[in-house]
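One structure is given here, and the rest of the page talks about it.
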4 protein chains.
Amino acid sequence: MTNTQVTHIQIDNYGPWTVTPEPRREVDLQTLQSRLFADLSQLFGNREGYVFFSRFDNMIAVTNGISLDEHALVQESVANRYPVTMSLSVATGTSPAEALETATTQLQNAGSAQDKSRRQILRGQTIDEEFRTDEDVQIAHFDVNDATEKYTDRLNEFDTFIHIEQGYAELMRYMREAHESLSFFVGGDNVIAVCPDLGTAEYQDAIDHVNEAVEVELKVGVGRGQVAQEAGMAAKHALEECRATGEDVHLDF
Amino acid sequence: MTNTQVTHIQIDNYGPWTVTPEPRREVDLQTLQSRLFADLSQLFGNREGYVFFSRFDNMIAVTNGISLDEHALVQESVANRYPVTMSLSVATGTSPAEALETATTQLQNAGSAQDKSRRQILRGQTIDEEFRTDEDVQIAHFDVNDATEKYTDRLNEFDTFIHIEQGYAELMRYMREAHESLSFFVGGDNVIAVCPDLGTAEYQDAIDHVNEAVEVELKVGVGRGQVAQEAGMAAKHALEECRATGEDVHLDF
Amino acid sequence: MTNTQVTHIQIDNYGPWTVTPEPRREVDLQTLQSRLFADLSQLFGNREGYVFFSRFDNMIAVTNGISLDEHALVQESVANRYPVTMSLSVATGTSPAEALETATTQLQNAGSAQDKSRRQILRGQTIDEEFRTDEDVQIAHFDVNDATEKYTDRLNEFDTFIHIEQGYAELMRYMREAHESLSFFVGGDNVIAVCPDLGTAEYQDAIDHVNEAVEVELKVGVGRGQVAQEAGMAAKHALEECRATGEDVHLDF
Amino acid sequence: MTNTQVTHIQIDNYGPWTVTPEPRREVDLQTLQSRLFADLSQLFGNREGYVFFSRFDNMIAVTNGISLDEHALVQESVANRYPVTMSLSVATGTSPAEALETATTQLQNAGSAQDKSRRQILRGQTIDEEFRTDEDVQIAHFDVNDATEKYTDRLNEFDTFIHIEQGYAELMRYMREAHESLSFFVGGDNVIAVCPDLGTAEYQDAIDHVNEAVEVELKVGVGRGQVAQEAGMAAKHALEECRATGEDVHLDF
């Protein structure tokens, strides 16, 4: 059974900041957002967590093994180096979607995302050391079959992007609704999903659904671990297995 | 009439690199990709262009006013500072989609995205100085009505993200098919579209379509300029007008 | 005759900020400072200027060809992405030292470096386009003879560093006092000096002085140009000439 | 008694790389070097270590508490994101200078800094967990008395820099020769020294020496800890004590 620790990261009052006193240059906002994400990738990643950029002003992290004190240090480090601050809310659950629900609710209870006086909230609960197991995190790494041959080398880049994007939009919605999973586009033709305890049948179901709905063919490697880094690396190796064998789904456990 | 100069940016042989000799850590790939995008935002942005991350391994830039020599310098600067290189292909057209089509074709003619020996291609044509006008670039800046109140402060972050993502997926596909435009999610609830010479009716049509298809309500500000920075900033100010007046569409020209 | 345009960059009220409300973590300060310098290197470098980190909270740039409007854009971009702001003061002169004297005085006249209310000053004068020449900037690139063989591969790293540092401290002081030049350590065993119109004799004099004073043997390549980038690259090629021929001084003009 | 764990960081074959096939643009080298240092600051800093840029192509870190496996991960992360690789050599000792001597020797034994085939060396020994104590690391944080009033607000920036630099050059040499300490300029008017078990008399001696030799007046706060972060933060607080009381030397233990 999985027990995912999820952190909801929210830049404080970011929308208003981007247009005060007047709209800031888009290239600076894009630079700020992508560097903040890169820094969080390293800050959580060096503690074996994963962060996903999702909407950039709101990000979602898998933080099993990372204490509230470490969250506070990450929060402080960002405040020391950026013109904006961020709030963090941590929760756990056997379903990643459920854990995030708790995390977001805790944050909403502290005030609106656009509340000027709500800054640097840090709330929530981590998993007690004694209850952590090697199956706490389950990560699935999807990619698109023959994306380079079928799309990148044949269509114009935007039409390639449309195919990838329609596949992602369908997958992320379906995995959420049918399988309580949180799926994130991570570049190229890759999607990483944080999942509860799913098996081959559920992944095959998701792949079939996306293929029927938008005609994008996926395959997936799945890994488990005590922390995101371990589960995610196992998933990558499982995906290499799919590439070698032609399987649609390969579970590394 | 618009005359958009579009650059297709492609990291050379990136997919194979990410798994050679074995899969590289995801946090490092995420850091690399987002920092490369941040750098390109600054490198093109300091020359008044816009870059969109789209798939990260393939990016699309609006580069009116940026010469091939300047493209070469950007290419060299990245090669000097990253473990990967990138190819650039530039083309122009009255329709952004058509310009990109040309740019991608030029790149494909030079070899596959996963061709080991195809590196640092630089191809294409820019607009001659004498033919440049104040209406060359048209940019539309969309956002979601009341996103904070309706989504961010009420739903869990992933369900908010699903709404934004479904809206984006529908908009980017429709704007491409119906209106030859290239639309990019840029964080939060914002989408920036690079458009041919469209008017109020076409934007209202797109907004209505998205509302009917996926029940996401958008508004849009539109600007024009000789370069992306100018058109994009005008679009931001036009969007502020929508916020002030309640209009769905505001053209700053 | 040279005509160097120099910009004094000063982070506003930085010292107090680093200890308010209590001392900030050194690793975050180091990260902030070095990234700000990296960004300024790119922001000025993309406009063919050079920036030197000198004290990090105060930096010195050679900005021939860069207008006050472009300085304002750099200033705004930093304010959009950092928790601190910076002031810029620009001046010109046939001697770099004299130009800097004017630039610093202009900034001091606007208030103390630790004045809480003095923020984002932008002052000064650039060189009118009509008066710019191919000899405006003269740059000398020094390095230490056989540094790897004599120091790096033989001494412990700190003792190597002591030799390099004593050489630099002597050179920077002497070049300032005897030759109105501004010399900056740029890593490894390299020092870049921004000079007035000096010839072989003056450079040989400086090399001899350092050798006598602290027994560090230097060589130097010197270049000229309309902008820093051009002069600096010519200096690098001239230094390669010294490496090839064994000369102490090579002027690329 | 202190027991400092020191890591010598060396970019592999960097000098030749910077001029192959011809000299690379200085702004790109400066950006690469300062970002690599910033990344190492975070990579070691997130594990409570300190890194000093010293010569940028060779850096020195205090790494108490950081295992060889963690060093390997830092090494891999850099190789994944930069066009250069680096070698790491770790050693320990009651004197920081002696520890570094061992570390550098280990690296030199593996090959020259400019050996093309010597890449990504990782050698050395860390302190066994059972032998670690709260007094392993002693850090001294020096600054210049009234630097803003006496220099920054009165002299031109280069002349201010000369004073700071002469003070640093004298201090770093003297602390090495007389007190087995490694001192690093860290920006502004600040120098951080990694020391063996020194007391008030030794620090007063160093301050007096620098004052006599180059007329730069220093004060110093000194802290101890099991790791660099702890000792360094204690030193900062001790320096605040000096500011409050007017003491030359304040030991936080």
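Residue numbering restarts at 1 in every chain; chains get A, B, ... in the order shown in the structure tokens, and ligands count up from 1 in that same order.
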
Query - For D:Glu240: contacts at 10 Å, only C-alpha atoms, fewer than 6 positions along chain excluded, given as a PyMOL selection string - result: (chain C and resi 19+22-23) or (chain D and resi 220-221+234+246+250)

Can you write just those residues out, all heavy atoms, as a short mmCIF file (atom, residue, chain, number, x, y, z; two decimals), in the first residue's frame?
```cif
data_model
loop_
_atom_site.label_atom_id
_atom_site.label_comp_id
_atom_site.auth_asym_id
_atom_site.auth_seq_id
_atom_site.Cartn_x
_atom_site.Cartn_y
_atom_site.Cartn_z
N VAL C 19 21.92 41.12 7.05
CA VAL C 19 21.83 40.78 8.48
C VAL C 19 20.49 41.16 9.09
O VAL C 19 20.35 41.26 10.32
CB VAL C 19 22.98 41.44 9.29
CG1 VAL C 19 24.32 40.82 8.88
CG2 VAL C 19 23.03 42.95 9.08
N GLU C 22 18.02 38.96 10.98
CA GLU C 22 19.24 38.41 11.55
C GLU C 22 20.07 37.87 10.40
O GLU C 22 19.60 37.85 9.28
CB GLU C 22 18.93 37.32 12.57
CG GLU C 22 17.98 36.25 12.09
CD GLU C 22 17.70 35.23 13.19
OE1 GLU C 22 18.55 35.05 14.07
OE2 GLU C 22 16.63 34.60 13.15
N PRO C 23 21.32 37.52 10.65
CA PRO C 23 22.19 37.12 9.53
C PRO C 23 21.56 36.04 8.66
O PRO C 23 21.06 35.03 9.17
CB PRO C 23 23.45 36.61 10.24
CG PRO C 23 23.49 37.35 11.52
CD PRO C 23 22.05 37.48 11.94
N VAL D 220 36.53 40.46 14.06
CA VAL D 220 36.21 39.07 13.72
C VAL D 220 35.31 38.40 14.75
O VAL D 220 35.49 38.58 15.95
CB VAL D 220 37.52 38.24 13.53
CG1 VAL D 220 38.31 38.15 14.84
CG2 VAL D 220 37.22 36.85 12.98
N GLY D 221 34.33 37.65 14.24
CA GLY D 221 33.49 36.80 15.09
C GLY D 221 33.83 35.36 14.78
O GLY D 221 34.05 35.02 13.62
N ALA D 234 27.25 30.70 13.70
CA ALA D 234 27.70 31.18 15.01
C ALA D 234 28.70 32.32 14.85
O ALA D 234 28.68 33.30 15.60
CB ALA D 234 28.32 30.02 15.80
N GLY D 246 31.87 46.82 19.99
CA GLY D 246 33.13 47.46 19.62
C GLY D 246 34.35 46.58 19.83
O GLY D 246 35.49 47.01 19.59
N HIS D 250 35.36 38.41 18.91
CA HIS D 250 34.37 37.79 19.77
C HIS D 250 34.25 36.31 19.45
O HIS D 250 33.97 35.94 18.31
CB HIS D 250 33.00 38.47 19.63
CG HIS D 250 31.99 37.97 20.61
ND1 HIS D 250 31.78 38.56 21.85
CD2 HIS D 250 31.15 36.91 20.57
CE1 HIS D 250 30.86 37.89 22.51
NE2 HIS D 250 30.47 36.88 21.75
#
```

Query raised in the report: Please, which residues of chain D lie no more than 7 Å from chain B when the count uses only C-alpha atoms, and can they be set out as a ChimeraX atom specification?
Result: /D:28,32,77,80-83

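Residues lying within 6 Å of stretch 192-200 of chain A, counting only C-alpha atoms and ignoring same-chain neighbours fewer than 3 positions away, are A:Met1, A:Thr2, A:Ser95, A:Gln138, A:Ile139, A:Ala140, A:His141, A:Ser181, A:Leu182, A:Ser183, A:Phe184, A:Tyr203.
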
Within stretch 67-178 of chain A, find each residue whose DSSP state, derived from the backbone, is strand (DSSP E), and express the selection as a CSV table (one decimal) with all heavy atoms, in the first residue's frame.
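Saved the output as states-v8.csv:
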```
chain,number,residue,atom,x,y,z
A,86,MET,N,6.9,32.0,-0.8
A,86,MET,CA,6.0,30.9,-1.1
A,86,MET,C,5.5,30.2,0.2
A,86,MET,O,6.2,30.2,1.2
A,86,MET,CB,6.7,29.9,-2.1
A,86,MET,CG,7.9,29.2,-1.5
A,86,MET,SD,8.7,28.1,-2.7
A,86,MET,CE,9.7,27.2,-1.5
A,87,SER,N,4.3,29.7,0.1
A,87,SER,CA,3.7,28.9,1.1
A,87,SER,C,3.8,27.4,0.8
A,87,SER,O,3.8,27.1,-0.4
A,87,SER,CB,2.3,29.3,1.4
A,87,SER,OG,2.2,30.6,2.0
A,88,LEU,N,3.9,26.6,1.9
A,88,LEU,CA,4.0,25.2,1.7
A,88,LEU,C,3.0,24.5,2.6
A,88,LEU,O,2.9,24.8,3.8
A,88,LEU,CB,5.5,24.7,2.1
A,88,LEU,CG,6.6,25.4,1.3
A,88,LEU,CD1,7.9,24.9,1.9
A,88,LEU,CD2,6.6,25.0,-0.1
A,89,SER,N,2.3,23.5,2.0
A,89,SER,CA,1.4,22.7,2.9
A,89,SER,C,1.6,21.2,2.6
A,89,SER,O,1.6,20.8,1.4
A,89,SER,CB,0.0,23.1,2.6
A,89,SER,OG,-0.9,22.3,3.3
A,90,VAL,N,1.8,20.5,3.6
A,90,VAL,CA,2.2,19.1,3.5
A,90,VAL,C,1.1,18.1,4.0
A,90,VAL,O,0.6,18.4,5.0
A,90,VAL,CB,3.5,18.8,4.3
A,90,VAL,CG1,4.1,17.5,3.9
A,90,VAL,CG2,4.5,19.9,4.1
A,91,ALA,N,0.9,17.1,3.3
A,91,ALA,CA,-0.1,16.1,3.8
A,91,ALA,C,0.3,14.7,3.2
A,91,ALA,O,1.0,14.6,2.3
A,91,ALA,CB,-1.5,16.4,3.4
A,92,THR,N,-0.3,13.7,3.8
A,92,THR,CA,0.0,12.3,3.4
A,92,THR,C,-1.3,11.5,3.2
A,92,THR,O,-2.4,11.9,3.7
A,92,THR,CB,0.8,11.6,4.5
A,92,THR,OG1,0.0,11.4,5.7
A,92,THR,CG2,2.1,12.4,4.9
A,93,GLY,N,-1.2,10.4,2.4
A,93,GLY,CA,-2.4,9.6,2.2
A,93,GLY,C,-2.1,8.4,1.4
A,93,GLY,O,-1.1,8.4,0.7
A,122,LEU,N,3.5,27.6,6.5
A,122,LEU,CA,4.1,26.2,6.5
A,122,LEU,C,3.2,25.4,7.4
A,122,LEU,O,3.2,25.6,8.6
A,122,LEU,CB,5.5,26.3,7.0
A,122,LEU,CG,6.2,24.9,7.1
A,122,LEU,CD1,6.2,24.1,5.8
A,122,LEU,CD2,7.7,25.1,7.6
A,123,ARG,N,2.5,24.4,6.8
A,123,ARG,CA,1.5,23.6,7.6
A,123,ARG,C,1.6,22.2,7.2
A,123,ARG,O,2.0,21.8,6.1
A,123,ARG,CB,0.1,24.1,7.3
A,123,ARG,CG,-0.2,25.5,7.8
A,123,ARG,CD,-1.7,25.7,8.0
A,123,ARG,NE,-1.9,27.0,8.7
A,123,ARG,CZ,-3.0,27.5,8.9
A,123,ARG,NH1,-4.1,26.9,8.4
A,123,ARG,NH2,-3.1,28.7,9.5
A,124,GLY,N,1.1,21.4,8.1
A,124,GLY,CA,0.9,20.0,7.7
A,124,GLY,C,1.7,19.0,8.5
A,124,GLY,O,2.3,19.3,9.5
A,137,VAL,N,6.0,5.1,-2.1
A,137,VAL,CA,5.8,5.9,-3.3
A,137,VAL,C,5.7,5.0,-4.6
A,137,VAL,O,6.6,4.2,-4.7
A,137,VAL,CB,6.9,6.9,-3.5
A,137,VAL,CG1,6.7,7.8,-4.7
A,137,VAL,CG2,7.1,7.8,-2.2
A,138,GLN,N,4.7,5.2,-5.4
A,138,GLN,CA,4.7,4.5,-6.7
A,138,GLN,C,4.6,5.5,-7.8
A,138,GLN,O,3.8,6.4,-7.8
A,138,GLN,CB,3.4,3.6,-6.7
A,138,GLN,CG,3.4,2.8,-8.0
A,138,GLN,CD,2.4,1.6,-7.9
A,138,GLN,OE1,2.3,1.0,-6.9
A,138,GLN,NE2,1.7,1.3,-9.0
A,139,ILE,N,5.6,5.4,-8.7
A,139,ILE,CA,5.7,6.4,-9.8
A,139,ILE,C,5.6,5.6,-11.1
A,139,ILE,O,6.3,4.6,-11.3
A,139,ILE,CB,7.0,7.2,-9.6
A,139,ILE,CG1,6.7,8.3,-8.6
A,139,ILE,CG2,7.4,7.9,-11.0
A,139,ILE,CD1,7.8,9.2,-8.3
A,140,ALA,N,4.9,6.2,-12.1
A,140,ALA,CA,4.7,5.7,-13.4
A,140,ALA,C,5.3,6.7,-14.4
A,140,ALA,O,5.0,7.8,-14.3
A,140,ALA,CB,3.3,5.4,-13.7
A,141,HIS,N,6.2,6.2,-15.3
A,141,HIS,CA,6.8,7.1,-16.3
A,141,HIS,C,6.3,6.6,-17.7
A,141,HIS,O,6.6,5.6,-18.2
A,141,HIS,CB,8.3,6.9,-16.2
A,141,HIS,CG,9.1,8.0,-16.9
A,141,HIS,ND1,10.1,8.7,-16.3
A,141,HIS,CD2,8.9,8.5,-18.1
A,141,HIS,CE1,10.5,9.7,-17.2
A,141,HIS,NE2,9.8,9.6,-18.3
A,142,PHE,N,5.4,7.5,-18.2
A,142,PHE,CA,4.8,7.2,-19.6
A,142,PHE,C,5.7,7.9,-20.6
A,142,PHE,O,6.2,9.0,-20.4
A,142,PHE,CB,3.4,7.8,-19.7
A,142,PHE,CG,2.4,7.2,-18.8
A,142,PHE,CD1,2.2,7.6,-17.5
A,142,PHE,CD2,1.5,6.2,-19.3
A,142,PHE,CE1,1.2,7.0,-16.7
A,142,PHE,CE2,0.5,5.7,-18.5
A,142,PHE,CZ,0.4,6.1,-17.2
A,143,ASP,N,5.7,7.3,-21.8
A,143,ASP,CA,6.1,8.1,-23.0
A,143,ASP,C,5.3,7.7,-24.2
A,143,ASP,O,4.5,6.7,-24.1
A,143,ASP,CB,7.6,8.2,-23.2
A,143,ASP,CG,8.2,7.0,-23.9
A,143,ASP,OD1,7.5,6.0,-24.2
A,143,ASP,OD2,9.4,7.0,-24.1
A,144,VAL,N,5.5,8.4,-25.3
A,144,VAL,CA,4.7,8.2,-26.5
A,144,VAL,C,5.5,7.3,-27.4
A,144,VAL,O,6.7,7.5,-27.6
A,144,VAL,CB,4.4,9.5,-27.2
A,144,VAL,CG1,3.7,9.3,-28.5
A,144,VAL,CG2,3.5,10.4,-26.3
```

Query - Residue neighbourhood A:Phe185, 12 Å, only C-alpha atoms, exclusion window fewer than 6 positions, as a ChimeraX atom specification - result: /A:51-55,140-144,161,164-172,191-194 /B:30,54-56,161,165

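Atom CA of C:Glu217 lies 28.4 Å from atom CA of D:Ser117.
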
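With only C-alpha atoms as the atoms that count, the residue of B:Ile121, B:Met175, B:Met59, B:Val249 with the shortest distance to B:Gln106 is B:Ile121.
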
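For the residues C:Thr245, C:Ser41, C:Thr126, C:Asn145, ranking by smallest atom-to-atom distance to C:Glu215 using only C-alpha atoms places C:Asn145 first.
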
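Using only C-alpha atoms, the contacts of C:Ile127 at a cut-off of 8 Å, with sequence neighbours closer than 3 positions omitted, comprise Gln5, Asn64, Gly65, Thr92, Phe131 and Arg132 of chain C.
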
Those same residues, written as an mmCIF file, in the first residue's frame with all heavy atoms?
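Now in part-v9.cif:
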```
data_model
loop_
_atom_site.group_PDB
_atom_site.id
_atom_site.type_symbol
_atom_site.label_atom_id
_atom_site.label_comp_id
_atom_site.auth_asym_id
_atom_site.auth_seq_id
_atom_site.Cartn_x
_atom_site.Cartn_y
_atom_site.Cartn_z
ATOM 1 N N GLN C 5 33.828 53.688 -21.501
ATOM 2 C CA GLN C 5 32.576 53.953 -20.790
ATOM 3 C C GLN C 5 32.461 52.927 -19.671
ATOM 4 O O GLN C 5 32.441 51.724 -19.923
ATOM 5 C CB GLN C 5 31.398 53.855 -21.760
ATOM 6 C CG GLN C 5 30.050 54.129 -21.104
ATOM 7 C CD GLN C 5 28.913 54.110 -22.122
ATOM 8 O OE1 GLN C 5 28.979 54.740 -23.186
ATOM 9 N NE2 GLN C 5 27.860 53.377 -21.821
ATOM 10 N N ASN C 64 30.800 50.412 -23.213
ATOM 11 C CA ASN C 64 30.781 51.155 -24.482
ATOM 12 C C ASN C 64 29.700 50.593 -25.408
ATOM 13 O O ASN C 64 29.611 49.369 -25.577
ATOM 14 C CB ASN C 64 32.141 51.046 -25.186
ATOM 15 C CG ASN C 64 33.209 51.845 -24.464
ATOM 16 O OD1 ASN C 64 33.500 51.566 -23.300
ATOM 17 N ND2 ASN C 64 33.756 52.857 -25.135
ATOM 18 N N GLY C 65 28.902 51.464 -25.986
ATOM 19 C CA GLY C 65 27.865 51.040 -26.922
ATOM 20 C C GLY C 65 26.534 50.729 -26.262
ATOM 21 O O GLY C 65 25.557 50.426 -26.943
ATOM 22 N N THR C 92 32.327 58.349 -18.671
ATOM 23 C CA THR C 92 33.304 58.055 -19.718
ATOM 24 C C THR C 92 34.577 58.847 -19.480
ATOM 25 O O THR C 92 34.571 59.856 -18.772
ATOM 26 C CB THR C 92 32.750 58.432 -21.102
ATOM 27 O OG1 THR C 92 32.609 59.851 -21.162
ATOM 28 C CG2 THR C 92 31.399 57.789 -21.339
ATOM 29 N N PHE C 131 30.972 59.998 -31.802
ATOM 30 C CA PHE C 131 32.345 60.083 -31.287
ATOM 31 C C PHE C 131 32.969 58.722 -30.994
ATOM 32 O O PHE C 131 34.098 58.639 -30.513
ATOM 33 C CB PHE C 131 32.374 60.944 -30.011
ATOM 34 C CG PHE C 131 31.948 62.364 -30.256
ATOM 35 C CD1 PHE C 131 30.845 62.892 -29.593
ATOM 36 C CD2 PHE C 131 32.625 63.161 -31.167
ATOM 37 C CE1 PHE C 131 30.430 64.195 -29.833
ATOM 38 C CE2 PHE C 131 32.228 64.476 -31.401
ATOM 39 C CZ PHE C 131 31.126 64.992 -30.745
ATOM 40 N N ARG C 132 32.231 57.656 -31.273
ATOM 41 C CA ARG C 132 32.770 56.331 -30.959
ATOM 42 C C ARG C 132 33.779 55.910 -32.024
ATOM 43 O O ARG C 132 33.589 56.155 -33.206
ATOM 44 C CB ARG C 132 31.641 55.303 -30.839
ATOM 45 C CG ARG C 132 30.703 55.627 -29.656
ATOM 46 C CD ARG C 132 29.571 54.648 -29.586
ATOM 47 N NE ARG C 132 30.101 53.293 -29.422
ATOM 48 C CZ ARG C 132 29.441 52.201 -29.746
ATOM 49 N NH1 ARG C 132 28.219 52.294 -30.248
ATOM 50 N NH2 ARG C 132 29.991 51.012 -29.574
#
```

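What separates atom CA of D:Ile66 from atom CA of D:Val227 is a distance of 9.2 Å.
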
Requested in this report: Using backbone DSSP assignments, extract all helix (DSSP H, G or I) residues from stretch 92-169 of chain D; output them as a ChimeraX atom specification.
Outcome: /D:96-110,129-131,147-152,157-169

Keeping C-alpha atoms for every residue in the selection just given, could you write it to a file as an mmCIF file, in the first residue's frame?
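Output saved as result-v2.cif:
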```cif
data_model
loop_
_atom_site.group_PDB
_atom_site.id
_atom_site.type_symbol
_atom_site.label_atom_id
_atom_site.label_comp_id
_atom_site.auth_asym_id
_atom_site.auth_seq_id
_atom_site.Cartn_x
_atom_site.Cartn_y
_atom_site.Cartn_z
ATOM 1 C CA PRO D 96 42.468 22.757 7.690
ATOM 2 C CA ALA D 97 45.702 23.528 5.810
ATOM 3 C CA GLU D 98 47.013 20.053 6.494
ATOM 4 C CA ALA D 99 43.709 18.445 5.462
ATOM 5 C CA LEU D 100 43.813 20.350 2.193
ATOM 6 C CA GLU D 101 47.427 19.312 1.656
ATOM 7 C CA THR D 102 46.319 15.695 1.791
ATOM 8 C CA ALA D 103 43.336 16.310 -0.444
ATOM 9 C CA THR D 104 45.356 18.066 -3.126
ATOM 10 C CA THR D 105 48.099 15.435 -3.028
ATOM 11 C CA GLN D 106 45.555 12.677 -3.604
ATOM 12 C CA LEU D 107 44.279 14.543 -6.640
ATOM 13 C CA GLN D 108 47.753 15.266 -7.993
ATOM 14 C CA ASN D 109 48.570 11.574 -7.665
ATOM 15 C CA ALA D 110 45.665 10.826 -9.972
ATOM 16 C CA GLU D 129 30.345 9.156 12.393
ATOM 17 C CA GLU D 130 31.475 7.989 15.844
ATOM 18 C CA PHE D 131 34.397 10.420 15.896
ATOM 19 C CA ALA D 147 34.062 50.087 5.313
ATOM 20 C CA THR D 148 31.055 51.968 3.965
ATOM 21 C CA GLU D 149 31.917 55.239 5.692
ATOM 22 C CA LYS D 150 35.672 55.070 5.157
ATOM 23 C CA TYR D 151 35.805 53.608 1.663
ATOM 24 C CA THR D 152 32.600 52.868 -0.272
ATOM 25 C CA GLU D 157 34.957 51.877 -6.293
ATOM 26 C CA PHE D 158 38.273 50.569 -7.568
ATOM 27 C CA ASP D 159 40.254 52.334 -4.857
ATOM 28 C CA THR D 160 37.875 50.929 -2.278
ATOM 29 C CA PHE D 161 38.423 47.538 -3.841
ATOM 30 C CA ILE D 162 42.210 47.996 -3.632
ATOM 31 C CA HIS D 163 42.007 48.560 0.117
ATOM 32 C CA ILE D 164 39.777 45.530 0.647
ATOM 33 C CA GLU D 165 41.937 43.422 -1.641
ATOM 34 C CA GLN D 166 45.243 44.416 0.026
ATOM 35 C CA GLY D 167 43.689 43.625 3.390
ATOM 36 C CA TYR D 168 42.502 40.264 2.135
ATOM 37 C CA ALA D 169 45.802 39.355 0.444
#
```

Requested in this report: Can you pull out every residue within 10 Å of A:Lys116, counting only C-alpha atoms, but drop anything in the same chain fewer than 3 positions away, and send it as a ChimeraX atom specification?
Outcome: /A:12-14,16-17,111-113,119

Store the residues of this selection in a file with all heavy atoms, as a short mmCIF file (atom, residue, chain, number, x, y, z; two decimals), in the first residue's frame.
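Below is the file result.cif, written as the result:
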```cif
data_model
loop_
_atom_site.label_atom_id
_atom_site.label_comp_id
_atom_site.auth_asym_id
_atom_site.auth_seq_id
_atom_site.Cartn_x
_atom_site.Cartn_y
_atom_site.Cartn_z
N ASP A 12 3.17 33.21 -2.99
CA ASP A 12 2.21 34.08 -2.31
C ASP A 12 1.83 35.28 -3.15
O ASP A 12 2.71 36.05 -3.60
CB ASP A 12 2.83 34.58 -0.99
CG ASP A 12 3.11 33.45 -0.01
OD1 ASP A 12 2.25 32.56 0.13
OD2 ASP A 12 4.20 33.45 0.61
N ASN A 13 0.54 35.44 -3.35
CA ASN A 13 -0.02 36.65 -3.99
C ASN A 13 0.68 36.97 -5.31
O ASN A 13 0.93 38.12 -5.64
CB ASN A 13 0.15 37.84 -3.01
CG ASN A 13 -0.79 38.99 -3.36
OD1 ASN A 13 -1.86 38.77 -3.93
ND2 ASN A 13 -0.38 40.20 -3.04
N TYR A 14 0.94 35.91 -6.09
CA TYR A 14 1.78 36.09 -7.28
C TYR A 14 1.08 36.84 -8.41
O TYR A 14 1.66 37.73 -9.04
CB TYR A 14 2.24 34.71 -7.78
CG TYR A 14 3.16 34.77 -8.98
CD1 TYR A 14 4.39 35.42 -8.90
CD2 TYR A 14 2.80 34.17 -10.18
CE1 TYR A 14 5.24 35.46 -10.00
CE2 TYR A 14 3.66 34.21 -11.28
CZ TYR A 14 4.86 34.86 -11.18
OH TYR A 14 5.71 34.91 -12.27
N PRO A 16 -1.31 39.21 -8.55
CA PRO A 16 -1.25 40.67 -8.40
C PRO A 16 0.18 41.23 -8.55
O PRO A 16 0.37 42.29 -9.14
CB PRO A 16 -1.77 40.89 -6.97
CG PRO A 16 -2.69 39.72 -6.74
CD PRO A 16 -2.05 38.56 -7.46
N TRP A 17 1.16 40.51 -8.03
CA TRP A 17 2.55 40.98 -8.11
C TRP A 17 2.98 41.13 -9.58
O TRP A 17 3.71 42.06 -9.91
CB TRP A 17 3.49 40.00 -7.38
CG TRP A 17 4.93 40.39 -7.38
CD1 TRP A 17 5.55 41.25 -6.49
CD2 TRP A 17 5.94 39.97 -8.31
NE1 TRP A 17 6.88 41.37 -6.82
CE2 TRP A 17 7.16 40.60 -7.92
CE3 TRP A 17 5.95 39.12 -9.41
CZ2 TRP A 17 8.36 40.41 -8.62
CZ3 TRP A 17 7.14 38.94 -10.11
CH2 TRP A 17 8.32 39.57 -9.71
N GLY A 111 -5.87 31.23 4.12
CA GLY A 111 -6.17 32.46 3.38
C GLY A 111 -6.09 32.25 1.88
O GLY A 111 -5.61 31.23 1.41
N SER A 112 -6.56 33.24 1.14
CA SER A 112 -6.59 33.15 -0.32
C SER A 112 -5.19 33.20 -0.91
O SER A 112 -4.27 33.78 -0.33
CB SER A 112 -7.41 34.31 -0.88
OG SER A 112 -7.21 34.43 -2.28
N ALA A 113 -5.04 32.60 -2.08
CA ALA A 113 -3.79 32.69 -2.84
C ALA A 113 -3.45 34.14 -3.16
O ALA A 113 -2.29 34.46 -3.43
CB ALA A 113 -3.90 31.88 -4.14
N ARG A 119 1.44 35.12 4.09
CA ARG A 119 2.76 34.88 3.51
C ARG A 119 3.52 33.78 4.23
O ARG A 119 3.46 33.67 5.45
CB ARG A 119 3.59 36.16 3.57
CG ARG A 119 3.21 37.18 2.52
CD ARG A 119 3.84 38.52 2.84
NE ARG A 119 5.29 38.44 2.79
CZ ARG A 119 6.02 38.78 1.71
NH1 ARG A 119 5.43 39.23 0.63
NH2 ARG A 119 7.34 38.70 1.75
#
```

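The coordinates place atom CA of C:Ala228 at 21.7 Å from atom CA of C:Arg173.
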